[in-house]
Amino acid sequence: MRETPLSNCERDFLLKSIEAKKRLDGRQTYDYRNIKITFGTDYGCCTVCLGKTRVLAQVSCELVPPKDARPTEGLMFFNLELSPMASPGFQSNRQSELLVTLNRQLERCLRNSRCIDTESLCVISGEKVWQIRVDVHVLNHDGNLMDAASVAAISALSHFKRPEVAIQGRDVTVFSPEERDPVPLSVYHMPICVSFAFFQQGTYLLVDPCEKEEQVMDGLLVIAMNKHREICFIQSSGGIMLLKDQVLRCSKIASVKVSEITELISKALENDKRVRKEGGKFGFAESVAKERITVLTREEAPLEMTDVQATADEIISKADAPPEVVPSPVIVATGTGQVGEGLQSTWGLEDDDDEEEEMSDLTEREKKKDEVMVISDSEEEEVVILNQAGQSKCS
Amino acid sequence: MDIIHSCFKAQIGEVVLPGDVFRFNVSSVEDDSSVKAEKIICGPGLRRNGDEIQVYKSGILRHKQPNLYWIDSQQKRYVPVKGESVIGIVTAKTGDIFKVDVGSSEQASLSYLAFEGATKRNRPNVQVGDLVYAQFIIANKDMEPELVCIDSCGRANGMGVFGADGLLFKVSLGLVRRLLSPQSEIVKDLEKIFPFEMVVGLNGRVWIKAKTIQQTLIVANLLESCENMTAQQRQALFKRVADGAL
Amino acid sequence: MELDIGSSVLREFGSEQSLLSKPDGSATFMQGDTSVLVGVYGPAEVKVNKEIYDRATLEVLIQPKSGMPSVRERTREQCVRETCEAALLSTLHPRSSLTLVMQVVHDDGSLLACCLNAACTALMDAGLPMSRLFCGVTCAIDAESQIITDPTAQQEKESRALMTFAIDSKEHNVMMSSTKGSFSVKEMQQCIAVSQKASERIFQFYRDSVKRRYSKIL
């Protein structure tokens with residue numbers, strides 16, 4: 001499917017409004033859209049809504065042998081998916097440039113910043129370590145996927161709990177959550193990406209660009225930072241020349257945004273923890289806004305089942321008794337078995353042909369075989385001719 | 001006549017779902033020889049299936065005198081209909097036609113001769129990415145849709161290339177129809193806040209231009225928010241904006 | 001063996017429509033903790049190699065929460081696609097594509113049924129032409145031969161047989177069935193009867209949710 005093209009009118013208007021310090025949704029230059037973080041019923045499941053952009057992250061783990069070079073370190077695997085749900089332009093299982101960039105950035109943000117203690121994921125040195133897998137699904141694309149994905153991934157990682165294990169000699173026992181409480185990952189710090197869009201060769205700058213703004217921007221600067229104001233990675237794309245001052249200014253803005261977002265994540269985590277402890281209801285079903293007119297829910301209720309038994313009995317009593325099946329194996333040739341003869345084939349389209357074949361006696365079948373042989377022969381010849389033609393062309 | 005209408009009457013203005021049917025008792029019509037053959041027109045969302053009328057879209061059943069029935073639904077995707085006016089984005093120039101994106105499953109074609117005063121020599125000035133306000137002359141599920149920017153007399157009649165300034169945005173098809181309906185209050189209420197120019201395409205695209213960028217953005221955001229609001233809520237909101245610091 | 005069907009319940013269920021801005025129609029459907037999100041695009045442009053001259057091409061994609069789609073997702077996709085094909089009037093939009101993308105948000109049993117319900121809600125939201133609605137109901141038969149409707153993952157694990165039916169809104173016929181485990185004809189008929197009963201509540205829910213959605217522009 002195709003994306004709706006951007007008209008000249010939209011482009012001109014966007015650039016003009018950026019010059020006039022106005023944004024489409026009424027935000028100020030340095031404002032983020034609303035961020036909403038909700039956790040699922042599973043540990044390590046989290047959705048993040050950044051305005052209309054929406055991503056879902058799920059963390060899972062499994063026991064794998066470690067890499068030879070680092071026998072005592074657990075593995076981290078990141079997989080960001082641009083689901084075709086998010087935008088008509090996205091196709092499933094196609095490596096687009098955007099997908100590769102986002103995956104690489106997510107990896108740099110979370111793995112290379114060593115925010116997760118990988119050594120604590122070691123079970124038996126050189127033999128078994130935990131592999132932590134983070135799947136991030138983009139569900140709706142309205143710009144700034146990177147920031148949303150990084151927030152979702154780190155929130156999910158902080159929320160996740162892996163099963164407890166016990167080691168006896170070389171045997172590893174993995175306990176289910178009922179047997180022993182699962183353990184959370186040790187998260188050293190939370191790197192969060194903040195994106196800056198540049199317009200008119202870097203003259204104008206916007207934080208958290210929406211999709212339309214992304215379509216007209218000249219360049220993008222992504223800064224990943226944690227709340228201790230340590231920069232985890234920085235990436236400038238689009239080929240714009242930035243002044244030293246601009247980068248510094250951006251990093252200052254980023255530090256403010258990061259501390260706000262970190263605060264939000266910890267609050268959301270605390271809230272989820274509290275509700276779980278109190279035994280209240282949690283998960284996505286509880287987080288939908290019930291006052292919206294597009295939302296409707298129904299309470300659990302028993303079904304009225306008075307006449308069900310009767311209906312079922314009636315249907316069965318009305319139904320014809322299944323035909324008696326008398327097995328009558330026929331031996332056509334040694335080593336084969338066949339039940340019945342000339343039965344109607346129920347395989348659909350090729351019914352008629354099959355039937356004919358079934359009806360025909362052995363000699364006819366042999367004839368057919370011969371015919372087939374002839375056809376295949378002639379085909380082969382054709383192939384040869386084609387090859388020759390190709391060769392002559394080549395030479 | 002009444003017999004046919006009576007089966008709809010109870011449901012007018014009510015929500016119907018796909019699979020709902022309207023049945024009329026044909027035998028009673030035949031018995032009464034004084035009844036002439038009457039027709040009803042099934043608009044969008046209704047189709048005839050044997051001697052019953054079947055609903056195939058969810059929405060509200062609407063009726064227009066004397067005999068027109070249709071389903072009013074809120075959807076986003078546009079399907080071309082002959083005679084409807086839409087806002088298209090020119091995506092390509094090929095030979096003597098422009099390819100225009102109207103948000104449907106297929107790009108529409110627009111001949112360069114289908115502009116007011118256009119001749120083989122005097123081609124209209126249309127660039128890729130321009131907006132055109134045009135009307136469907138061919139719209140059929142089996143054929144490529146075709147647009148024109150002139151009416152049957154060869155006059156532009158408001159159609160053609162537009163949008164040097166101003167903002168284009170998308171709303172639902174239901175809202176667009178509500179904006180265009182003669183008894184619509186939305187535009188009248190909005191005009192009271194400040195003056196603006198507006199082009200509304202039935203494909204859900206709306207173009208707005210007010211005096212300043214700020215005002216254009218306000219109008220656009222207000223219109224978008226009208227999607228799910230009752231008249232009272234809307235008027236209260238508009239009043240707040242009018243009274244505000246703007 | 002006599003089946004006990006006195007204690008059938010549907011877990012708390014709900015849906016939200018039009019929650020995504022990009023797709024032409026979207027919906028999420030929740031049954032207990034099981035939750036599926038669906039985005040629908042269409043009628044949209046179709047790839048030349050997938051074009052069908054007299055009807056729309058329907059594609060269904062189910063994305064698991066972690067990992068890549070596997071055979072299990074493909075089977076579910078096929079079940080959903082065949083049900084949707086039976087309900088959609090795809091001949092009204094020839095040479096176009098209808099795409100349903102489903103994201104499993106949480107699986108706590110009755111996932112296929114939840115997928116079907118979410119798909120139907122999203123198709124309605126997109127305003128695609130449908131001759132009828134459909135819904136999915138899962139029934140499990142446990143070791144004591146008791147029918148459990150809308151089972152949780154735990155109940156599914158302990159069950160002897162598992163059946164999911166797609167029921168149509170017009171005659172309450174079975175449009176699709178997917179079964180696992182062994183059961184007698186009588187048991188299946190009873191499960192169908194139970195599902196038909198349960199479907200009435202879901203269809204009523206569809207009607208109420210559409211009513212609620214249009215309540216401001218009636």
# chains A, B, ... in the order shown; residues from 1 in each chain; ligands from 1
$ interface_residues --of "chain A" --to "chain B" --cutoff "9 Å" --atoms "only C-alpha atoms" --output "number ranges by chain"
A: 1, 4-10, 12-14, 16-17, 20, 22-26, 293
$ write_last_selection --atoms "C-alpha atoms" --output "PDB file, in the first residue's frame"
ATOM      1  CA  MET A   1       0.000   0.000   0.000  1.00  0.00           C
ATOM      2  CA  THR A   4      -0.645   9.492   1.221  1.00  0.00           C
ATOM      3  CA  PRO A   5       1.739  11.811  -0.590  1.00  0.00           C
ATOM      4  CA  LEU A   6       2.671  15.110   1.029  1.00  0.00           C
ATOM      5  CA  SER A   7       1.280  18.037  -0.927  1.00  0.00           C
ATOM      6  CA  ASN A   8       3.242  21.213  -1.619  1.00  0.00           C
ATOM      7  CA  CYS A   9       0.605  23.109   0.291  1.00  0.00           C
ATOM      8  CA  GLU A  10       1.206  21.108   3.474  1.00  0.00           C
ATOM      9  CA  ASP A  12       4.852  25.186   2.682  1.00  0.00           C
ATOM     10  CA  PHE A  13       2.426  25.643   5.525  1.00  0.00           C
ATOM     11  CA  LEU A  14       4.462  23.484   7.895  1.00  0.00           C
ATOM     12  CA  LYS A  16       5.968  28.690   7.518  1.00  0.00           C
ATOM     13  CA  SER A  17       4.365  27.749  10.804  1.00  0.00           C
ATOM     14  CA  ALA A  20       6.380  31.461  13.148  1.00  0.00           C
ATOM     15  CA  LYS A  22       3.740  27.406  15.803  1.00  0.00           C
ATOM     16  CA  ARG A  23       3.109  23.684  15.689  1.00  0.00           C
ATOM     17  CA  LEU A  24       0.232  21.730  14.208  1.00  0.00           C
ATOM     18  CA  ASP A  25      -1.091  20.497  17.527  1.00  0.00           C
ATOM     19  CA  GLY A  26      -0.571  23.744  19.398  1.00  0.00           C
ATOM     20  CA  ILE A 293     -17.824   6.665  23.659  1.00  0.00           C
TER      21      ILE A 293
END
$ closest_atom_pairs --of "chain A" --to "chain C" --cutoff "7 Å" --atoms "only C-alpha atoms" --output "CSV"
residue,atom,partner,partner_atom,distance
A:Met1,CA,C:Glu45,CA,5.5
A:Lys52,CA,C:Ser21,CA,6.6
A:Gln58,CA,C:Ser66,CA,6.3
A:Pro84,CA,C:Val101,CA,6.8
A:Met85,CA,C:Gly39,CA,5.3
A:Ala86,CA,C:Lys22,CA,6.5
A:Ser87,CA,C:Lys22,CA,6.0
A:Asp135,CA,C:Ser66,CA,5.7
A:Asn140,CA,C:Leu20,CA,6.2
A:Ala285,CA,C:Met30,CA,6.6
A:Ile293,CA,C:Arg213,CA,5.1
A:Thr294,CA,C:Arg213,CA,5.1
A:Val295,CA,C:Glu16,CA,4.3
A:Leu296,CA,C:Gly14,CA,5.5
A:Thr297,CA,C:Gly14,CA,3.7
A:Arg298,CA,C:Phe13,CA,5.3
A:Glu299,CA,C:Glu12,CA,4.5
A:Glu300,CA,C:Glu12,CA,4.0
A:Ala301,CA,C:Val9,CA,5.6
A:Pro302,CA,C:Val9,CA,4.1
A:Leu303,CA,C:Val9,CA,5.5
A:Met305,CA,C:Gly6,CA,6.6
A:Val308,CA,C:Ala193,CA,5.6
A:Gln309,CA,C:Gln190,CA,6.5
A:Thr311,CA,C:Ala193,CA,6.7
A:Ala312,CA,C:Gln190,CA,4.9
A:Ile316,CA,C:Lys186,CA,6.6
$ write_last_selection --atoms "C-alpha atoms" --output "mmCIF file, in the first residue's frame"
data_model
loop_
_atom_site.group_PDB
_atom_site.id
_atom_site.type_symbol
_atom_site.label_atom_id
_atom_site.label_comp_id
_atom_site.auth_asym_id
_atom_site.auth_seq_id
_atom_site.Cartn_x
_atom_site.Cartn_y
_atom_site.Cartn_z
ATOM 1 C CA MET A 1 0.000 0.000 0.000
ATOM 2 C CA LYS A 52 -0.944 9.203 18.595
ATOM 3 C CA GLN A 58 7.498 -7.327 25.472
ATOM 4 C CA PRO A 84 1.987 -2.925 8.779
ATOM 5 C CA MET A 85 -0.691 -1.820 11.249
ATOM 6 C CA ALA A 86 1.337 1.282 12.037
ATOM 7 C CA SER A 87 1.366 2.774 8.580
ATOM 8 C CA ASP A 135 10.412 -7.218 21.114
ATOM 9 C CA ASN A 140 0.669 3.384 15.138
ATOM 10 C CA ALA A 285 -8.034 -3.959 30.308
ATOM 11 C CA ILE A 293 -17.824 6.665 23.659
ATOM 12 C CA THR A 294 -15.734 4.297 21.568
ATOM 13 C CA VAL A 295 -15.257 2.050 24.591
ATOM 14 C CA LEU A 296 -17.719 -0.411 26.010
ATOM 15 C CA THR A 297 -17.226 -3.197 28.499
ATOM 16 C CA ARG A 298 -19.415 -5.905 29.969
ATOM 17 C CA GLU A 299 -19.063 -7.563 33.347
ATOM 18 C CA GLU A 300 -18.563 -11.282 33.714
ATOM 19 C CA ALA A 301 -21.931 -12.979 33.722
ATOM 20 C CA PRO A 302 -23.289 -16.489 33.545
ATOM 21 C CA LEU A 303 -24.960 -17.653 30.371
ATOM 22 C CA MET A 305 -28.330 -22.352 29.400
ATOM 23 C CA VAL A 308 -29.010 -25.946 25.412
ATOM 24 C CA GLN A 309 -29.136 -29.564 26.416
ATOM 25 C CA THR A 311 -31.206 -28.363 21.423
ATOM 26 C CA ALA A 312 -28.109 -30.489 21.286
ATOM 27 C CA ILE A 316 -28.316 -35.437 17.364
#
$ closest_atom_pairs --of "chain C" --to "chain B" --cutoff "7 Å" --atoms "only C-alpha atoms" --output "tab-separated table"
residue	atom	partner	partner_atom	distance
C:Asp24	CA	B:Lys76	CA	5.3
C:Gly42	CA	B:Arg77	CA	6.9
C:Pro43	CA	B:Ser105	CA	5.6
C:Ala44	CA	B:Ser105	CA	3.9
C:Glu45	CA	B:Ser105	CA	4.4
C:His93	CA	B:Lys141	CA	6.1
C:Pro94	CA	B:Lys141	CA	6.5
C:Ser96	CA	B:Ser105	CA	6.0
C:Met124	CA	B:Ser58	CA	6.1
C:Asp125	CA	B:Gln75	CA	6.9
C:Ala126	CA	B:Gln75	CA	5.6
C:Gly127	CA	B:Gln75	CA	5.6
C:Leu128	CA	B:Lys57	CA	6.6
C:Pro129	CA	B:Tyr56	CA	5.0
C:Met130	CA	B:Tyr56	CA	4.9
C:Ser131	CA	B:Gly19	CA	5.4
C:Arg132	CA	B:Gly19	CA	4.0
C:Leu133	CA	B:Pro18	CA	6.2
C:Ser169	CA	B:Gly19	CA	6.8
C:Lys170	CA	B:Gly19	CA	6.2
C:Arg207	CA	B:Leu17	CA	6.9
C:Lys211	CA	B:Val15	CA	5.8
C:Lys216	CA	B:Thr230	CA	5.2
C:Ile217	CA	B:Thr230	CA	6.7
C:Leu218	CA	B:Gly13	CA	6.3
$ write_last_selection --atoms "N, CA and C atoms" --output "mmCIF file, in the first residue's frame"
data_model
loop_
_atom_site.group_PDB
_atom_site.id
_atom_site.type_symbol
_atom_site.label_atom_id
_atom_site.label_comp_id
_atom_site.auth_asym_id
_atom_site.auth_seq_id
_atom_site.Cartn_x
_atom_site.Cartn_y
_atom_site.Cartn_z
ATOM 1 N N ASP C 24 -7.560 2.486 8.663
ATOM 2 C CA ASP C 24 -8.916 2.914 8.314
ATOM 3 C C ASP C 24 -9.923 2.446 9.347
ATOM 4 N N GLY C 42 -8.276 -0.630 4.082
ATOM 5 C CA GLY C 42 -8.970 -1.060 2.874
ATOM 6 C C GLY C 42 -10.271 -0.351 2.660
ATOM 7 N N PRO C 43 -10.815 -0.362 1.449
ATOM 8 C CA PRO C 43 -10.203 -0.919 0.251
ATOM 9 C C PRO C 43 -9.031 -0.049 -0.197
ATOM 10 N N ALA C 44 -7.852 -0.649 -0.291
ATOM 11 C CA ALA C 44 -6.652 0.096 -0.646
ATOM 12 C C ALA C 44 -6.022 -0.506 -1.894
ATOM 13 N N GLU C 45 -4.955 0.111 -2.280
ATOM 14 C CA GLU C 45 -4.232 -0.313 -3.467
ATOM 15 C C GLU C 45 -3.741 -1.747 -3.285
ATOM 16 N N HIS C 93 -15.701 -4.417 -3.988
ATOM 17 C CA HIS C 93 -14.465 -3.651 -4.182
ATOM 18 C C HIS C 93 -13.432 -4.487 -4.926
ATOM 19 N N PRO C 94 -13.693 -4.791 -6.216
ATOM 20 C CA PRO C 94 -12.736 -5.617 -6.942
ATOM 21 C C PRO C 94 -11.409 -4.884 -7.124
ATOM 22 N N SER C 96 -8.849 -4.530 -5.249
ATOM 23 C CA SER C 96 -8.327 -3.717 -4.157
ATOM 24 C C SER C 96 -7.888 -4.673 -3.049
ATOM 25 N N MET C 124 -16.175 -3.549 11.214
ATOM 26 C CA MET C 124 -17.320 -2.639 11.337
ATOM 27 C C MET C 124 -16.840 -1.204 11.434
ATOM 28 N N ASP C 125 -15.770 -1.015 12.199
ATOM 29 C CA ASP C 125 -15.235 0.328 12.386
ATOM 30 C C ASP C 125 -14.743 0.898 11.060
ATOM 31 N N ALA C 126 -14.136 0.028 10.226
ATOM 32 C CA ALA C 126 -13.632 0.490 8.935
ATOM 33 C C ALA C 126 -14.770 0.726 7.945
ATOM 34 N N GLY C 127 -15.974 0.272 8.268
ATOM 35 C CA GLY C 127 -17.122 0.477 7.383
ATOM 36 C C GLY C 127 -17.055 -0.378 6.133
ATOM 37 N N LEU C 128 -16.418 -1.530 6.214
ATOM 38 C CA LEU C 128 -16.344 -2.399 5.047
ATOM 39 C C LEU C 128 -17.674 -3.138 4.876
ATOM 40 N N PRO C 129 -18.059 -3.399 3.613
ATOM 41 C CA PRO C 129 -19.342 -4.054 3.388
ATOM 42 C C PRO C 129 -19.341 -5.504 3.866
ATOM 43 N N MET C 130 -20.289 -5.811 4.750
ATOM 44 C CA MET C 130 -20.378 -7.174 5.286
ATOM 45 C C MET C 130 -21.817 -7.646 5.173
ATOM 46 N N SER C 131 -21.970 -8.906 4.803
ATOM 47 C CA SER C 131 -23.334 -9.416 4.689
ATOM 48 C C SER C 131 -23.883 -9.795 6.058
ATOM 49 N N ARG C 132 -23.003 -10.027 7.002
ATOM 50 C CA ARG C 132 -23.402 -10.429 8.346
ATOM 51 C C ARG C 132 -22.239 -10.177 9.290
ATOM 52 N N LEU C 133 -22.511 -10.239 10.565
ATOM 53 C CA LEU C 133 -21.431 -10.133 11.538
ATOM 54 C C LEU C 133 -21.054 -11.544 11.992
ATOM 55 N N SER C 169 -24.251 -13.858 12.626
ATOM 56 C CA SER C 169 -25.256 -13.115 13.379
ATOM 57 C C SER C 169 -26.667 -13.324 12.834
ATOM 58 N N LYS C 170 -26.790 -13.892 11.640
ATOM 59 C CA LYS C 170 -28.124 -13.982 11.044
ATOM 60 C C LYS C 170 -28.876 -15.215 11.507
ATOM 61 N N ARG C 207 -23.921 -4.416 19.112
ATOM 62 C CA ARG C 207 -24.958 -3.422 18.847
ATOM 63 C C ARG C 207 -24.854 -2.273 19.856
ATOM 64 N N LYS C 211 -23.981 1.598 19.038
ATOM 65 C CA LYS C 211 -24.953 2.593 19.485
ATOM 66 C C LYS C 211 -24.266 3.670 20.302
ATOM 67 N N LYS C 216 -23.564 10.438 19.856
ATOM 68 C CA LYS C 216 -23.502 11.891 19.827
ATOM 69 C C LYS C 216 -23.989 12.488 18.515
ATOM 70 N N ILE C 217 -24.173 11.689 17.508
ATOM 71 C CA ILE C 217 -24.629 12.263 16.247
ATOM 72 C C ILE C 217 -25.945 11.645 15.793
ATOM 73 N N LEU C 218 -26.652 11.054 16.704
ATOM 74 C CA LEU C 218 -27.927 10.405 16.335
ATOM 75 C C LEU C 218 -28.919 11.414 15.746
#
$ closest_residue --among "C:Leu162, C:Leu98, C:Cys114, C:Ile147" --to "Pro88 of chain A" --atoms "only C-alpha atoms"
C:Leu98
$ residues_around --residues "Lys120 of chain B" --least-positions-apart "4" --cutoff "12 Å" --atoms "only C-alpha atoms" --output "compact mmCIF listing (two decimals) with N, CA and C atoms, in the first residue's frame"
# COMPACT_ATOMS: atom_id res chain seq x y z
N GLY B 95 2.22 11.97 -19.96
CA GLY B 95 1.60 12.27 -21.24
C GLY B 95 0.56 13.35 -21.11
N ASP B 96 -0.69 13.00 -21.43
CA ASP B 96 -1.73 14.03 -21.40
C ASP B 96 -2.58 13.94 -20.14
N SER B 111 -7.43 14.54 -17.03
CA SER B 111 -6.89 14.97 -18.31
C SER B 111 -6.49 16.44 -18.22
N TYR B 112 -5.41 16.81 -18.90
CA TYR B 112 -5.01 18.23 -18.83
C TYR B 112 -5.96 19.11 -19.61
N LEU B 113 -6.84 18.50 -20.40
CA LEU B 113 -7.84 19.28 -21.14
C LEU B 113 -9.07 19.55 -20.28
N ALA B 114 -9.15 18.88 -19.14
CA ALA B 114 -10.35 19.02 -18.32
C ALA B 114 -10.25 20.20 -17.35
N PHE B 115 -9.60 21.29 -17.81
CA PHE B 115 -9.56 22.51 -17.01
C PHE B 115 -10.20 23.62 -17.83
N PRO B 124 -2.73 23.71 -18.69
CA PRO B 124 -2.84 24.32 -17.36
C PRO B 124 -1.52 24.15 -16.60
$ select_by_dssp --residues "segment 158-263 of chain A" --states "helix (DSSP H, G or I)" --output "MDAnalysis selection string"
chainID A and resid 158:159 211:216 244:263
$ atom_distance --atom1 "atom CA of Leu75 of chain A" --atom2 "atom CA of Ile132 of chain A"
6.1 Å
$ select_by_dssp --residues "segment 57-211 of chain C" --states "strand (DSSP E)" --output "PyMOL selection string"
chain C and resi 57-63+97-106+134-141+147-149+161-168+174-181
$ write_last_selection --atoms "N, CA and C atoms" --output "compact mmCIF listing (two decimals), in the first residue's frame"
# COMPACT_ATOMS: atom_id res chain seq x y z
N THR C 57 -8.81 -8.56 -2.43
CA THR C 57 -7.87 -9.52 -1.86
C THR C 57 -7.81 -9.29 -0.36
N LEU C 58 -8.09 -10.33 0.39
CA LEU C 58 -8.08 -10.19 1.85
C LEU C 58 -6.80 -10.80 2.42
N GLU C 59 -6.11 -10.00 3.21
CA GLU C 59 -4.91 -10.51 3.86
C GLU C 59 -5.07 -10.37 5.36
N VAL C 60 -4.71 -11.41 6.09
CA VAL C 60 -4.76 -11.35 7.55
C VAL C 60 -3.37 -11.66 8.09
N LEU C 61 -2.89 -10.80 8.94
CA LEU C 61 -1.58 -11.02 9.56
C LEU C 61 -1.75 -11.03 11.06
N ILE C 62 -1.22 -12.04 11.71
CA ILE C 62 -1.26 -12.06 13.17
C ILE C 62 0.17 -11.98 13.68
N GLN C 63 0.43 -11.00 14.51
CA GLN C 63 1.77 -10.82 15.06
C GLN C 63 1.77 -11.30 16.50
N SER C 97 -7.25 -4.14 -2.05
CA SER C 97 -6.79 -5.02 -0.98
C SER C 97 -7.43 -4.65 0.34
N LEU C 98 -7.77 -5.65 1.11
CA LEU C 98 -8.23 -5.45 2.48
C LEU C 98 -7.18 -6.13 3.36
N THR C 99 -6.62 -5.39 4.28
CA THR C 99 -5.57 -5.95 5.13
C THR C 99 -5.96 -5.84 6.59
N LEU C 100 -5.92 -6.97 7.26
CA LEU C 100 -6.17 -6.98 8.71
C LEU C 100 -4.86 -7.33 9.38
N VAL C 101 -4.38 -6.45 10.22
CA VAL C 101 -3.17 -6.74 10.97
C VAL C 101 -3.55 -6.87 12.43
N MET C 102 -3.25 -8.02 13.02
CA MET C 102 -3.64 -8.25 14.41
C MET C 102 -2.40 -8.38 15.27
N GLN C 103 -2.45 -7.75 16.40
CA GLN C 103 -1.35 -7.84 17.35
C GLN C 103 -1.89 -8.49 18.62
N VAL C 104 -1.29 -9.63 18.98
CA VAL C 104 -1.68 -10.27 20.23
C VAL C 104 -1.09 -9.43 21.36
N VAL C 105 -1.92 -8.92 22.24
CA VAL C 105 -1.43 -8.09 23.33
C VAL C 105 -1.24 -8.94 24.58
N HIS C 106 -2.17 -9.85 24.81
CA HIS C 106 -1.97 -10.81 25.90
C HIS C 106 -2.79 -12.05 25.62
N PHE C 134 -19.95 -11.65 12.69
CA PHE C 134 -19.58 -12.94 13.24
C PHE C 134 -18.92 -12.73 14.59
N CYS C 135 -18.91 -13.78 15.37
CA CYS C 135 -18.17 -13.70 16.62
C CYS C 135 -17.55 -15.05 16.90
N GLY C 136 -16.60 -15.07 17.79
CA GLY C 136 -15.91 -16.31 18.11
C GLY C 136 -16.19 -16.71 19.55
N VAL C 137 -16.43 -18.00 19.79
CA VAL C 137 -16.62 -18.50 21.15
C VAL C 137 -15.76 -19.75 21.30
N THR C 138 -15.03 -19.81 22.38
CA THR C 138 -14.23 -21.00 22.65
C THR C 138 -14.88 -21.79 23.80
N CYS C 139 -14.95 -23.11 23.62
CA CYS C 139 -15.47 -23.98 24.67
C CYS C 139 -14.39 -25.01 24.99
N ALA C 140 -14.21 -25.27 26.25
CA ALA C 140 -13.27 -26.33 26.64
C ALA C 140 -14.08 -27.40 27.37
N ILE C 141 -13.69 -28.65 27.20
CA ILE C 141 -14.31 -29.74 27.96
C ILE C 141 -13.24 -30.25 28.91
N ILE C 147 -18.44 -28.44 30.41
CA ILE C 147 -18.14 -27.47 29.36
C ILE C 147 -17.79 -26.14 30.01
N ILE C 148 -16.65 -25.59 29.63
CA ILE C 148 -16.25 -24.28 30.13
C ILE C 148 -16.22 -23.34 28.94
N THR C 149 -17.03 -22.31 28.96
CA THR C 149 -16.97 -21.33 27.88
C THR C 149 -15.92 -20.30 28.22
N ALA C 161 -10.64 -31.39 25.68
CA ALA C 161 -10.89 -30.98 24.30
C ALA C 161 -11.15 -29.48 24.27
N LEU C 162 -10.81 -28.88 23.13
CA LEU C 162 -10.94 -27.44 23.00
C LEU C 162 -11.56 -27.14 21.64
N MET C 163 -12.62 -26.34 21.64
CA MET C 163 -13.26 -26.04 20.35
C MET C 163 -13.52 -24.55 20.25
N THR C 164 -13.23 -24.00 19.09
CA THR C 164 -13.55 -22.60 18.85
C THR C 164 -14.48 -22.53 17.64
N PHE C 165 -15.58 -21.83 17.80
CA PHE C 165 -16.52 -21.70 16.70
C PHE C 165 -16.69 -20.23 16.33
N ALA C 166 -16.81 -19.99 15.02
CA ALA C 166 -17.24 -18.66 14.58
C ALA C 166 -18.72 -18.77 14.27
N ILE C 167 -19.52 -17.91 14.89
CA ILE C 167 -20.97 -17.97 14.74
C ILE C 167 -21.43 -16.74 13.97
N ASP C 168 -22.33 -16.91 13.02
CA ASP C 168 -22.81 -15.76 12.25
C ASP C 168 -24.02 -15.14 12.93
N VAL C 174 -22.76 -22.04 12.29
CA VAL C 174 -21.32 -22.12 12.50
C VAL C 174 -20.61 -21.79 11.19
N MET C 175 -19.74 -20.77 11.23
CA MET C 175 -19.03 -20.37 10.01
C MET C 175 -17.65 -21.01 9.94
N MET C 176 -17.09 -21.29 11.08
CA MET C 176 -15.74 -21.85 11.12
C MET C 176 -15.62 -22.61 12.42
N SER C 177 -14.88 -23.71 12.38
CA SER C 177 -14.63 -24.38 13.65
C SER C 177 -13.19 -24.85 13.68
N SER C 178 -12.63 -24.81 14.84
CA SER C 178 -11.25 -25.25 15.02
C SER C 178 -11.23 -26.02 16.32
N THR C 179 -10.81 -27.28 16.25
CA THR C 179 -10.91 -28.11 17.44
C THR C 179 -9.58 -28.77 17.76
N LYS C 180 -9.47 -29.15 19.00
CA LYS C 180 -8.26 -29.81 19.48
C LYS C 180 -8.72 -30.85 20.49
N GLY C 181 -8.07 -31.99 20.53
CA GLY C 181 -8.45 -33.02 21.49
C GLY C 181 -9.57 -33.89 20.95
$ residues_around --residues "segment 257-261 of chain A" --least-positions-apart "4" --cutoff "10 Å" --atoms "only C-alpha atoms" --output "list in words"
Tyr30, Asp31, Tyr32, Ile35, Val151, Met190, Pro191, Ile192, Cys193, Val194, Val207, Ile223, Ala224, Met225, Asn226, Lys227, His228, Arg229, Ser251, Lys252, Ile253, Ile265, Ser266 and Lys267 of chain A
